[in-house]
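**Student:** run.txt (compact mmCIF, C-alpha atoms and all ligand atoms) pasted underneath:
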# COMPACT_ATOMS: atom_id res chain seq x y z
CA MET A 471 -15.42 -186.74 182.65
CA SER A 472 -16.05 -183.11 181.79
CA ILE A 473 -13.53 -180.51 182.86
CA ALA A 474 -16.09 -178.99 185.24
CA THR A 475 -16.21 -182.21 187.24
CA ILE A 476 -12.45 -182.42 187.81
CA ASP A 477 -11.70 -180.98 191.16
CA LYS A 478 -8.71 -178.65 191.26
CA ASN A 479 -7.03 -180.60 194.04
CA THR A 480 -7.34 -183.82 192.06
CA LEU A 481 -5.68 -182.13 189.09
CA ARG A 482 -2.91 -180.81 191.31
CA ASP A 483 -2.35 -184.22 192.93
CA ARG A 484 -2.38 -186.01 189.60
CA ALA A 485 0.24 -183.65 188.18
CA ARG A 486 2.56 -184.65 191.02
CA GLN A 487 2.25 -188.36 190.26
CA ASN A 488 4.79 -189.87 187.87
CA VAL A 489 6.57 -186.56 187.32
CA ASP A 490 9.28 -188.63 185.59
CA ASN A 491 6.88 -188.92 182.65
CA GLY A 492 7.39 -185.22 181.91
CA ALA A 493 4.75 -183.94 179.49
CA VAL A 494 2.82 -187.23 179.64
CA THR A 495 0.25 -186.80 182.42
CA GLU A 496 -2.30 -189.22 183.90
CA GLY A 497 -4.94 -187.61 181.68
CA TYR A 498 -3.14 -188.62 178.46
CA GLU A 499 -5.69 -190.64 176.53
CA GLY A 500 -3.63 -191.84 173.59
CA ASP A 501 -2.07 -195.26 173.14
CA ARG A 502 1.39 -193.87 173.80
CA GLU A 503 3.36 -196.76 172.27
CA GLU A 504 1.27 -196.70 169.12
CA VAL A 505 1.44 -192.91 168.79
CA ILE A 506 5.23 -193.05 169.16
CA ARG A 507 5.39 -195.77 166.48
CA LEU A 508 3.31 -193.64 164.10
CA LEU A 509 5.54 -190.64 164.84
CA ASN A 510 8.65 -192.73 164.14
CA ASP A 511 7.29 -194.06 160.84
CA SER A 512 6.52 -190.48 159.88
CA LEU A 513 10.00 -189.38 160.96
CA ALA A 514 11.40 -192.03 158.59
CA THR A 515 9.14 -190.72 155.83
CA GLU A 516 10.39 -187.17 156.30
CA LEU A 517 14.05 -188.21 156.36
CA VAL A 518 13.64 -190.22 153.15
CA CYS A 519 11.94 -187.16 151.60
CA VAL A 520 14.86 -184.94 152.63
CA LEU A 521 17.28 -187.32 150.89
CA ARG A 522 15.17 -187.62 147.74
CA TYR A 523 14.69 -183.86 147.40
CA LYS A 524 18.39 -183.27 148.04
CA ARG A 525 19.32 -185.66 145.26
CA HIS A 526 16.82 -184.01 142.94
CA TYR A 527 18.17 -180.55 143.81
CA TYR A 528 21.71 -181.57 142.88
CA MET A 529 20.61 -183.54 139.80
CA ALA A 530 18.35 -180.85 138.30
CA LYS A 531 20.31 -179.38 135.42
CA GLY A 532 19.66 -176.77 132.76
CA VAL A 533 17.74 -173.52 132.52
CA LYS A 534 14.38 -175.31 132.49
CA ALA A 535 15.24 -177.06 135.73
CA GLN A 536 15.94 -173.89 137.70
CA VAL A 537 12.43 -173.38 139.03
CA ALA A 538 12.16 -177.06 139.95
CA ALA A 539 15.60 -177.03 141.59
CA SER A 540 14.70 -174.14 143.90
CA GLU A 541 11.47 -175.92 144.86
CA PHE A 542 13.41 -179.15 145.55
CA LEU A 543 15.74 -177.28 147.87
CA GLU A 544 12.91 -175.50 149.68
CA HIS A 545 11.06 -178.77 150.14
CA ALA A 546 14.18 -180.54 151.42
CA THR A 547 14.55 -177.83 154.06
CA GLN A 548 10.89 -178.06 155.06
CA GLU A 549 10.93 -181.88 155.24
CA ALA A 550 13.90 -181.58 157.61
CA GLU A 551 11.84 -179.19 159.75
CA HIS A 552 9.00 -181.72 159.77
CA ALA A 553 11.45 -184.41 160.91
CA ASP A 554 12.56 -182.15 163.77
CA LYS A 555 8.98 -181.50 164.91
CA LEU A 556 8.23 -185.24 164.91
CA ALA A 557 11.42 -186.13 166.79
CA GLU A 558 10.68 -183.44 169.36
CA ARG A 559 7.18 -184.82 169.93
CA ILE A 560 8.50 -188.40 170.26
CA VAL A 561 10.81 -187.27 173.06
CA GLN A 562 7.99 -185.33 174.77
CA LEU A 563 5.99 -188.55 174.83
CA GLY A 564 8.87 -190.41 176.44
CA GLY A 565 9.97 -192.24 173.30
CA GLU A 566 13.17 -192.35 171.30
CA PRO A 567 13.37 -190.96 167.76
CA ASP A 568 14.68 -193.63 165.38
CA PHE A 569 17.28 -192.19 163.01
CA ASN A 570 18.75 -195.59 162.10
CA PRO A 571 19.66 -195.32 158.39
CA ASP A 572 19.57 -199.12 157.90
CA SER A 573 15.81 -199.35 158.42
CA LEU A 574 14.85 -195.90 157.18
CA SER A 575 13.37 -196.70 153.75
CA GLY A 576 11.60 -199.80 155.09
CA ARG A 577 9.82 -197.81 157.79
CA SER A 578 9.03 -194.82 155.58
CA HIS A 579 5.54 -194.49 154.09
CA ALA A 580 6.94 -192.99 150.88
CA GLU A 581 9.66 -194.63 148.80
CA TYR A 582 13.06 -193.35 147.76
CA LYS A 583 12.76 -193.18 143.97
CA PRO A 584 15.80 -191.40 142.56
CA GLY A 585 14.43 -190.65 139.06
CA SER A 586 16.77 -189.68 136.23
CA THR A 587 15.01 -187.09 134.10
CA LEU A 588 13.57 -183.91 135.58
CA LYS A 589 10.09 -185.10 134.73
CA GLU A 590 10.65 -188.42 136.52
CA MET A 591 11.98 -186.62 139.57
CA VAL A 592 9.02 -184.24 139.82
CA TYR A 593 6.63 -187.13 139.21
CA GLU A 594 8.19 -189.23 142.00
CA ASP A 595 8.10 -186.26 144.37
CA LEU A 596 4.44 -185.72 143.62
CA VAL A 597 3.73 -189.42 144.29
CA ALA A 598 5.67 -189.30 147.56
CA GLU A 599 3.79 -186.19 148.68
CA ARG A 600 0.49 -187.86 147.89
CA ILE A 601 1.51 -190.89 149.97
CA ALA A 602 2.51 -188.61 152.85
CA ILE A 603 -0.79 -186.70 152.59
CA ASP A 604 -2.85 -189.89 152.82
CA SER A 605 -0.85 -191.42 155.65
CA TYR A 606 -0.88 -188.21 157.72
CA ARG A 607 -4.60 -187.77 157.17
CA GLU A 608 -5.16 -191.33 158.38
CA ILE A 609 -2.97 -190.76 161.43
CA ILE A 610 -4.89 -187.56 162.26
CA GLN A 611 -8.16 -189.50 162.09
CA TYR A 612 -6.72 -192.26 164.27
CA ILE A 613 -5.53 -189.80 166.92
CA GLY A 614 -8.87 -187.98 166.99
CA ASP A 615 -9.26 -186.12 170.27
CA LYS A 616 -6.96 -188.41 172.26
CA ASP A 617 -3.77 -186.39 171.81
CA PRO A 618 -4.43 -182.84 170.59
CA THR A 619 -0.75 -181.80 170.52
CA THR A 620 0.41 -184.70 168.33
CA ARG A 621 -2.63 -184.18 166.18
CA ARG A 622 -1.70 -180.51 165.67
CA VAL A 623 1.87 -181.47 164.74
CA PHE A 624 0.48 -183.76 162.03
CA GLU A 625 -2.10 -181.19 160.90
CA ASP A 626 0.58 -178.52 160.41
CA ILE A 627 2.78 -180.95 158.48
CA LEU A 628 -0.15 -182.19 156.39
CA ALA A 629 -0.99 -178.62 155.32
CA GLN A 630 2.57 -178.14 154.09
CA GLU A 631 2.63 -181.51 152.26
CA GLU A 632 -0.47 -180.40 150.40
CA GLU A 633 1.39 -177.24 149.32
CA HIS A 634 4.33 -179.41 148.24
CA ALA A 635 2.09 -181.68 146.15
CA ASP A 636 0.52 -178.61 144.57
CA ASP A 637 3.98 -177.18 143.73
CA MET A 638 5.05 -180.45 142.11
CA ALA A 639 1.79 -180.77 140.17
CA ASP A 640 2.26 -177.22 138.81
CA ILE A 641 5.82 -177.94 137.69
CA LEU A 642 4.87 -181.30 136.19
CA GLU A 643 2.23 -179.60 134.06
CA GLY A 644 4.86 -177.36 132.48
CA LEU A 645 7.26 -180.22 131.61
FE FE B 701 7.24 -183.38 155.18
FE FE B 702 6.53 -182.67 151.47
Can I see the file as structure tokens?
**Tutor:**
Amino acid sequence: MSIATIDKNTLRDRARQNVDNGAVTEGYEGDREEVIRLLNDSLATELVCVLRYKRHYYMAKGVKAQVAASEFLEHATQEAEHADKLAERIVQLGGEPDFNPDSLSGRSHAEYKPGSTLKEMVYEDLVAERIAIDSYREIIQYIGDKDPTTRRVFEDILAQEEEHADDMADILEGL
């Protein structure tokens, strides 16, 4: 149905139905349960990334590690912001954000690889970013035009993960 064919009164009536659903209107075309599940898996990914970058920030020692350490910290902060955006969207869709630490690493796309040397840490971060990039790109393709807001959330996050991967690749080259 094109927007021109939707009568204004129909739109107004529809908006009054199921007001309990908040931001989720009758016109929502996504598979809500599935979209919430994808958002929750991504939330787990971001939380695992926060933890990994935090560890790397505190473990990065020496003059050579200073540049990497400041990138680790910046990324940790940005992954936490991504987690917040995802949790916010889950609630808008009527779901519950899953912060359960017991199942976090199992649900995450990327793994928690601690790494011991600076090189190992940067390498594992680059791998994790590449996993996030591929999973978010796939999610964006799956969502298509069915849920533009969730899609935009993922697109914004994806753009930043690509920057993160680029940062890690640059640092890795110099190690
Ligand atoms: Fe992220
Ligand atoms: Fe990232």
**Student:** A:Ala598, A:Val520, A:Ala580, A:Ala557: which is nearest His545 of chain A, counting only C-alpha atoms?
**Tutor:**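 Of A:Ala598, A:Val520, A:Ala580, A:Ala557, the one nearest His545 of chain A, counting only C-alpha atoms, is A:Val520.
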**Student:** Kindly indicate which residue among A:Leu588, A:Leu628, A:Val623, A:Ala485 lies nearest to Gly644 of chain A, using all atoms listed in the file for the distances.
**Tutor:**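 With all atoms listed in the file as the atom set, the closest residue is A:Leu588.
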**Student:** Please build the interface table for chain A against ligand FE 701 (chain B) with a cut-off of 10 Å, listing for each qualifying residue the nearest atom pair and the distance in Å to one decimal; count all atoms listed in the file, order rows by chain and increasing number, and write it as JSON lines.
**Tutor:**
{"residue": "A:Ser512", "atom": "CA", "partner": "B:FE701", "partner_atom": "FE", "distance": 8.5}
{"residue": "A:Leu513", "atom": "CA", "partner": "B:FE701", "partner_atom": "FE", "distance": 8.8}
{"residue": "A:Thr515", "atom": "CA", "partner": "B:FE701", "partner_atom": "FE", "distance": 7.6}
{"residue": "A:Glu516", "atom": "CA", "partner": "B:FE701", "partner_atom": "FE", "distance": 5.1}
{"residue": "A:Leu517", "atom": "CA", "partner": "B:FE701", "partner_atom": "FE", "distance": 8.4}
{"residue": "A:Val518", "atom": "CA", "partner": "B:FE701", "partner_atom": "FE", "distance": 9.6}
{"residue": "A:Cys519", "atom": "CA", "partner": "B:FE701", "partner_atom": "FE", "distance": 7.0}
{"residue": "A:Val520", "atom": "CA", "partner": "B:FE701", "partner_atom": "FE", "distance": 8.2}
{"residue": "A:His545", "atom": "CA", "partner": "B:FE701", "partner_atom": "FE", "distance": 7.8}
{"residue": "A:Ala546", "atom": "CA", "partner": "B:FE701", "partner_atom": "FE", "distance": 8.4}
{"residue": "A:Thr547", "atom": "CA", "partner": "B:FE701", "partner_atom": "FE", "distance": 9.2}
{"residue": "A:Gln548", "atom": "CA", "partner": "B:FE701", "partner_atom": "FE", "distance": 6.5}
{"residue": "A:Glu549", "atom": "CA", "partner": "B:FE701", "partner_atom": "FE", "distance": 4.0}
{"residue": "A:Ala550", "atom": "CA", "partner": "B:FE701", "partner_atom": "FE", "distance": 7.3}
{"residue": "A:Glu551", "atom": "CA", "partner": "B:FE701", "partner_atom": "FE", "distance": 7.7}
{"residue": "A:His552", "atom": "CA", "partner": "B:FE701", "partner_atom": "FE", "distance": 5.2}
{"residue": "A:Ala553", "atom": "CA", "partner": "B:FE701", "partner_atom": "FE", "distance": 7.2}
{"residue": "A:Leu556", "atom": "CA", "partner": "B:FE701", "partner_atom": "FE", "distance": 10.0}
{"residue": "A:Ala598", "atom": "CA", "partner": "B:FE701", "partner_atom": "FE", "distance": 9.8}
{"residue": "A:Glu599", "atom": "CA", "partner": "B:FE701", "partner_atom": "FE", "distance": 7.9}
{"residue": "A:Ala602", "atom": "CA", "partner": "B:FE701", "partner_atom": "FE", "distance": 7.4}
{"residue": "A:Ile603", "atom": "CA", "partner": "B:FE701", "partner_atom": "FE", "distance": 9.1}
{"residue": "A:Tyr606", "atom": "CA", "partner": "B:FE701", "partner_atom": "FE", "distance": 9.8}
{"residue": "A:Phe624", "atom": "CA", "partner": "B:FE701", "partner_atom": "FE", "distance": 9.6}
{"residue": "A:Asp626", "atom": "CA", "partner": "B:FE701", "partner_atom": "FE", "distance": 9.8}
{"residue": "A:Ile627", "atom": "CA", "partner": "B:FE701", "partner_atom": "FE", "distance": 6.1}
{"residue": "A:Leu628", "atom": "CA", "partner": "B:FE701", "partner_atom": "FE", "distance": 7.6}
{"residue": "A:Ala629", "atom": "CA", "partner": "B:FE701", "partner_atom": "FE", "distance": 9.5}
{"residue": "A:Gln630", "atom": "CA", "partner": "B:FE701", "partner_atom": "FE", "distance": 7.1}
{"residue": "A:Glu631", "atom": "CA", "partner": "B:FE701", "partner_atom": "FE", "distance": 5.8}
{"residue": "A:Glu632", "atom": "CA", "partner": "B:FE701", "partner_atom": "FE", "distance": 9.5}
{"residue": "A:His634", "atom": "CA", "partner": "B:FE701", "partner_atom": "FE", "distance": 8.5}
**Student:** Restricting the calculation to all atoms listed in the file, which member of A:Leu521, A:Val505, A:Ala639, A:Val597 is positioned closest to Arg621 of chain A?
**Tutor:**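 Of the candidates, the smallest distance to Arg621 of chain A is held by A:Val505.
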**Student:** Quick one: pull the distance between atom CA of Asn570 of chain A and atom CA of Asp511 of chain A, Å, one decimal.
**Tutor:**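 Atom CA of Asp511 of chain A lies 11.6 Å from atom CA of Asn570 of chain A.
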**Student:** So which residues touch Lys534 of chain A within 12 Å, counting only C-alpha atoms, skipping near sequence neighbours fewer than 5 positions away, as a PyMOL selection string?
**Tutor:** chain A and resi 539-540+587-589+641-642+644-645
**Student:** Please identify all polymer residues within 9 Å of Gly565 of chain A, counting all atoms listed in the file, omitting same-chain residues fewer than 3 positions from it, and present them as a PyMOL selection string.
**Tutor:** chain A and resi 502-503+506-507+559-562
**Student:** Can you pull out every residue within 12 Å of Lys583 of chain A, counting all atoms listed in the file, but drop anything in the same chain fewer than 6 positions away, and send it as a compact mmCIF listing (two decimals) with C-alpha atoms, in the frame of the given file?
**Tutor:**
# COMPACT_ATOMS: atom_id res chain seq x y z
CA VAL A 518 13.64 -190.22 153.15
CA CYS A 519 11.94 -187.16 151.60
CA LEU A 521 17.28 -187.32 150.89
CA ARG A 522 15.17 -187.62 147.74
CA TYR A 523 14.69 -183.86 147.40
CA ARG A 525 19.32 -185.66 145.26
CA HIS A 526 16.82 -184.01 142.94
CA SER A 575 13.37 -196.70 153.75
CA GLU A 590 10.65 -188.42 136.52
CA MET A 591 11.98 -186.62 139.57
CA VAL A 592 9.02 -184.24 139.82
CA TYR A 593 6.63 -187.13 139.21
CA GLU A 594 8.19 -189.23 142.00
CA ASP A 595 8.10 -186.26 144.37
CA LEU A 596 4.44 -185.72 143.62
CA VAL A 597 3.73 -189.42 144.29
CA ALA A 598 5.67 -189.30 147.56
**Student:** For Asp572 of chain A, please output as number ranges by chain all residues within 12 Å (counting only C-alpha atoms; exclusion window: fewer than 5 positions along the same chain).
**Tutor:** A: 514, 518, 577-578
**Student:** Enclose segment 532-543 of chain A, meaning all of its atoms listed in the file, in a box aligned along x, y and z, pad it by 8 Å on each side, and list the centre and edge lengths in Å to one decimal, as AutoDock Vina command-line options.
**Tutor:**
--center_x 15.6 --center_y -176.3 --center_z 140.2 --size_x 24.2 --size_y 21.8 --size_z 31.4
**Student:** Interatomic distance between atom CA of Lys524 of chain A and atom CA of Asp604 of chain A?
**Tutor:**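 Atom CA of Lys524 of chain A sits 22.8 Å away from atom CA of Asp604 of chain A.
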**Student:** Measure the distance from atom CA of Gly500 of chain A to atom CA of Lys616 of chain A in Å and round it to one decimal.
**Tutor:** 5.0 Å
**Student:** With distances taken over only C-alpha atoms and all ligand atoms, which of A:Leu563, A:Leu543, A:Ile610, A:Leu509 is nearest to ligand FE 702 (chain B)?
**Tutor:**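 The shortest atom-to-atom distance to ligand FE 702 (chain B) comes from A:Leu543.
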**Student:** Could you tell me which of A:Glu541, A:Gly492, A:Gly532, A:Glu608 comes closest to ligand FE 702 (chain B) if we count only C-alpha atoms and all ligand atoms?
**Tutor:**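 Nearest to ligand FE 702 (chain B): A:Glu541.
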**Student:** Could you tell me which of A:Gly614, A:Thr480, A:Lys555, A:Phe542 comes closest to ligand FE 702 (chain B) if we count only C-alpha atoms and all ligand atoms?
**Tutor:**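 Under the stated criterion, the closest residue is A:Phe542.
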